[in-house]
Amino acid sequence: MASNGTRQLLPGVNGHVLNHFIKRLLNNICDFYDEQDLIDVTFMLSNPTAMIPAHRLILSAASPYFKDLFKSDKGFNPVIELTNIDSDTFERLITFCYTGKALITIENVDVMLKGAIYLKLDEAVVGCVDYILQHISEYTLQRAYCLQRETQCVPLYEKLLEYEINNFMEISQRPEFLSFDAEKLQAIIESSNLNVTCEEDAFHAVKQWYEYDASGRQQKLPDLISSLRLTLFDTKFLLRNVQTLPGCEPLAFKAISWISLPSDRAMISIKYTDPRRSICKMSAETTLLAVQAYDLKGTIFQYNQTGDEWEKYAQVEHDAAAYGMVLMEDNIIYIGGARNGEIINGVKSWSLKTKTWRTLPSMILSRRWPSVVLLNGNVYAIGGDNSDRQYTKSVEK
């Protein structure tokens, strides 16, 4: 009979020894799979027709789906027929059971996610979701929304929610935003990390969403408005904008009372009174910025003097590489660079407040790796190479 104490031995094993043992064990298991040695089950799939061998123990350890299958009457058969998943996807997910990795592409990630959900491979589900969000520009938000509705995948819903919170200014301008259900929009608006420059941004987005279907959404409006940081508005804004909305008059007067009667605040019930963390991020105590940029993707970090640490502020995707950069007021100016191997003269501005792009007038000369400086309110592009490593001495203002 097998010992019941193997797990009790693990804490006493040296970490280096354990890692070496696990690596060697996994290599041996992969060798068994590649050489089809000690195979004890074969899956027959019909779309397209394929016979895929495997080891019951490995699959059972990887997924409760296989554990339950092999404990059922059907699971005793040496050949098990499956019809709810295509053979290519199934084979990739079987490989995942052995290695923790699978080939995921823009073309196959939908079926891979559905297959991982069906086979109850939670880690593969997370891998597919992460891939979608990491390639969201190419994959598209519309496709992600359709996939989430079709699969009801909770990790995908949560990752999309996080993306919507972090990119709210962009998301609120998309047509899909107007079709959000009230519960989803409320979860976004309630987030302390909602990426807005001021609370008015969140208010106008909610109002826009409400006006798209005023009669159908009127009942939900007070809940959404109460999720705003109403005490950050001034009295005039509350009277002109919030108080006039259906069902929101009590909320406006509560906020006005909270603002004008500090001594009575303990008796006034308001959902949120503190500003969002995201609005505080670009305050006077976090004005130092560092930009990690070389290629099409860059990360902006901000220095928090209070916490004496650097924090990630935003991820920026540019359509060019090898550009010059300069900070001008609340904008990072990207100048020149190369796109698809061609040196360009384009100039773009990325707003630190709204996290959106704006195209500026182009330079006269195309430049890659120009030196860029800001002097007396003017931006200067200096030198750089313009073709076949031919460096220019010209300067543009």
# chains A, B, ... in the order shown; residues from 1 in each chain; ligands from 1
call {"tool": "closest_atom_pairs", "arguments": {"of": "range 127-190 of chain A", "to": "range 101-109 of chain A", "cutoff": "8 Å", "atoms": "only C-alpha atoms", "output": "Markdown table"}}
result
| residue | atom | partner | partner_atom | distance |
| --- | --- | --- | --- | --- |
| A:Cys128 | CA | A:Val109 | CA | 6.2 |
| A:Tyr131 | CA | A:Ile104 | CA | 7.6 |
| A:Ile132 | CA | A:Val109 | CA | 7.5 |
| A:His135 | CA | A:Ile106 | CA | 8.0 |
| A:Glu138 | CA | A:Ile106 | CA | 7.9 |
| A:Tyr139 | CA | A:Ile106 | CA | 6.4 |
call {"tool": "residues_around", "arguments": {"residues": "Asn195 in chain A", "least_positions_apart": "6", "cutoff": "12 Å", "atoms": "only C-alpha atoms", "output": "number ranges by chain"}}
result
A: 162-172, 188-189, 201-202, 275-282, 313-314, 352-356
call {"tool": "write_last_selection", "arguments": {"atoms": "C-alpha atoms", "output": "PDB file, in the first residue's frame"}}
result
ATOM      1  CA  GLU A 162      -9.511  45.710 -15.155  1.00  0.00           C
ATOM      2  CA  TYR A 163      -8.666  46.849 -18.689  1.00  0.00           C
ATOM      3  CA  GLU A 164     -11.777  49.060 -18.814  1.00  0.00           C
ATOM      4  CA  ILE A 165     -10.892  50.660 -15.480  1.00  0.00           C
ATOM      5  CA  ASN A 166      -7.303  51.348 -16.567  1.00  0.00           C
ATOM      6  CA  ASN A 167      -8.329  52.667 -20.002  1.00  0.00           C
ATOM      7  CA  PHE A 168     -11.618  54.300 -19.085  1.00  0.00           C
ATOM      8  CA  MET A 169     -11.163  57.510 -21.085  1.00  0.00           C
ATOM      9  CA  GLU A 170     -10.682  55.498 -24.275  1.00  0.00           C
ATOM     10  CA  ILE A 171     -13.340  52.893 -23.452  1.00  0.00           C
ATOM     11  CA  SER A 172     -16.004  55.506 -22.687  1.00  0.00           C
ATOM     12  CA  ILE A 188     -16.210  50.213 -13.177  1.00  0.00           C
ATOM     13  CA  ILE A 189     -17.397  53.514 -11.698  1.00  0.00           C
ATOM     14  CA  ASP A 201     -14.933  62.662 -16.581  1.00  0.00           C
ATOM     15  CA  ALA A 202     -16.705  59.819 -14.788  1.00  0.00           C
ATOM     16  CA  PRO A 275     -10.856  60.947  -4.140  1.00  0.00           C
ATOM     17  CA  ARG A 276      -9.853  58.095  -6.391  1.00  0.00           C
ATOM     18  CA  ARG A 277      -6.283  56.880  -6.137  1.00  0.00           C
ATOM     19  CA  SER A 278      -5.823  57.359  -9.880  1.00  0.00           C
ATOM     20  CA  ILE A 279      -6.643  61.083  -9.636  1.00  0.00           C
ATOM     21  CA  CYS A 280      -4.094  61.483  -6.844  1.00  0.00           C
ATOM     22  CA  LYS A 281      -1.356  59.795  -8.843  1.00  0.00           C
ATOM     23  CA  MET A 282      -0.384  62.853 -10.864  1.00  0.00           C
ATOM     24  CA  TYR A 313       1.695  54.747 -14.290  1.00  0.00           C
ATOM     25  CA  ALA A 314       0.782  53.536 -17.781  1.00  0.00           C
ATOM     26  CA  LEU A 352      -0.515  62.038 -19.271  1.00  0.00           C
ATOM     27  CA  LYS A 353      -3.938  63.183 -18.095  1.00  0.00           C
ATOM     28  CA  THR A 354      -6.254  61.538 -20.615  1.00  0.00           C
ATOM     29  CA  LYS A 355      -3.867  58.774 -21.775  1.00  0.00           C
ATOM     30  CA  THR A 356      -4.836  59.429 -25.375  1.00  0.00           C
TER      31      THR A 356
END
call {"tool": "closest_atom_pairs", "arguments": {"of": "range 129-180 of chain A", "to": "range 317-338 of chain A", "cutoff": "12 Å", "atoms": "only C-alpha atoms", "output": "Markdown table"}}
result
| residue | atom | partner | partner_atom | distance |
| --- | --- | --- | --- | --- |
| A:Gln134 | CA | A:Glu317 | CA | 11.4 |
| A:His135 | CA | A:Glu317 | CA | 11.2 |
| A:Ile136 | CA | A:Glu317 | CA | 11.4 |
| A:Ser137 | CA | A:Glu317 | CA | 9.5 |
call {"tool": "write_last_selection", "arguments": {"atoms": "N, CA, C and O atoms", "output": "CSV table (one decimal), in the first residue's frame"}}
result
chain,number,residue,atom,x,y,z
A,134,GLN,N,-3.1,40.8,-23.7
A,134,GLN,CA,-1.7,41.3,-24.1
A,134,GLN,C,-1.7,41.6,-25.6
A,134,GLN,O,-0.9,42.4,-26.0
A,135,HIS,N,-2.7,41.1,-26.3
A,135,HIS,CA,-2.8,41.3,-27.8
A,135,HIS,C,-4.1,42.0,-28.1
A,135,HIS,O,-4.6,41.8,-29.2
A,136,ILE,N,-4.6,42.8,-27.2
A,136,ILE,CA,-6.0,43.3,-27.4
A,136,ILE,C,-6.1,44.2,-28.6
A,136,ILE,O,-7.2,44.3,-29.2
A,137,SER,N,-5.1,44.9,-29.0
A,137,SER,CA,-5.1,45.8,-30.2
A,137,SER,C,-5.4,45.0,-31.4
A,137,SER,O,-6.2,45.4,-32.3
call {"tool": "residues_around", "arguments": {"residues": "Ser366 in chain A", "least_positions_apart": "3", "cutoff": "6 Å", "atoms": "only C-alpha atoms", "output": "PyMOL selection string"}}
result
chain A and resi 343-345+386
call {"tool": "write_last_selection", "arguments": {"atoms": "all heavy atoms", "output": "short mmCIF file (atom, residue, chain, number, x, y, z; two decimals), in the first residue's frame"}}
result
data_model
loop_
_atom_site.label_atom_id
_atom_site.label_comp_id
_atom_site.auth_asym_id
_atom_site.auth_seq_id
_atom_site.Cartn_x
_atom_site.Cartn_y
_atom_site.Cartn_z
N ILE A 343 11.92 55.24 -42.36
CA ILE A 343 12.12 56.38 -41.47
C ILE A 343 11.01 57.40 -41.72
O ILE A 343 10.65 57.68 -42.87
CB ILE A 343 13.51 57.00 -41.69
CG1 ILE A 343 14.60 55.94 -41.39
CG2 ILE A 343 13.72 58.22 -40.78
CD1 ILE A 343 16.00 56.41 -41.66
N ILE A 344 10.46 57.97 -40.63
CA ILE A 344 9.28 58.82 -40.77
C ILE A 344 9.54 60.21 -40.19
O ILE A 344 10.51 60.43 -39.46
CB ILE A 344 8.06 58.19 -40.07
CG1 ILE A 344 8.31 58.04 -38.56
CG2 ILE A 344 7.70 56.85 -40.69
CD1 ILE A 344 7.10 57.59 -37.78
N ASN A 345 8.65 61.13 -40.54
CA ASN A 345 8.75 62.50 -40.01
C ASN A 345 7.58 62.83 -39.10
O ASN A 345 7.35 63.99 -38.75
CB ASN A 345 8.81 63.51 -41.17
CG ASN A 345 7.55 63.48 -42.01
OD1 ASN A 345 6.73 62.58 -41.89
ND2 ASN A 345 7.40 64.46 -42.91
N ASN A 386 18.56 59.85 -41.55
CA ASN A 386 17.37 59.95 -42.38
C ASN A 386 17.28 58.92 -43.49
O ASN A 386 16.23 58.75 -44.09
CB ASN A 386 17.23 61.36 -42.98
CG ASN A 386 18.50 61.80 -43.69
OD1 ASN A 386 19.36 60.99 -44.00
ND2 ASN A 386 18.61 63.10 -43.94
#
call {"tool": "closest_atom_pairs", "arguments": {"of": "range 40-124 of chain A", "to": "range 29-36 of chain A", "cutoff": "9 Å", "atoms": "only C-alpha atoms", "output": "tab-separated table"}}
result
residue	atom	partner	partner_atom	distance
A:Pro53	CA	A:Gln36	CA	7.1
A:Ala54	CA	A:Tyr33	CA	6.7
A:His55	CA	A:Tyr33	CA	7.8
A:Ile58	CA	A:Ile29	CA	8.6
A:Thr95	CA	A:Tyr33	CA	8.9
A:Tyr98	CA	A:Cys30	CA	6.5
A:Thr99	CA	A:Cys30	CA	7.6
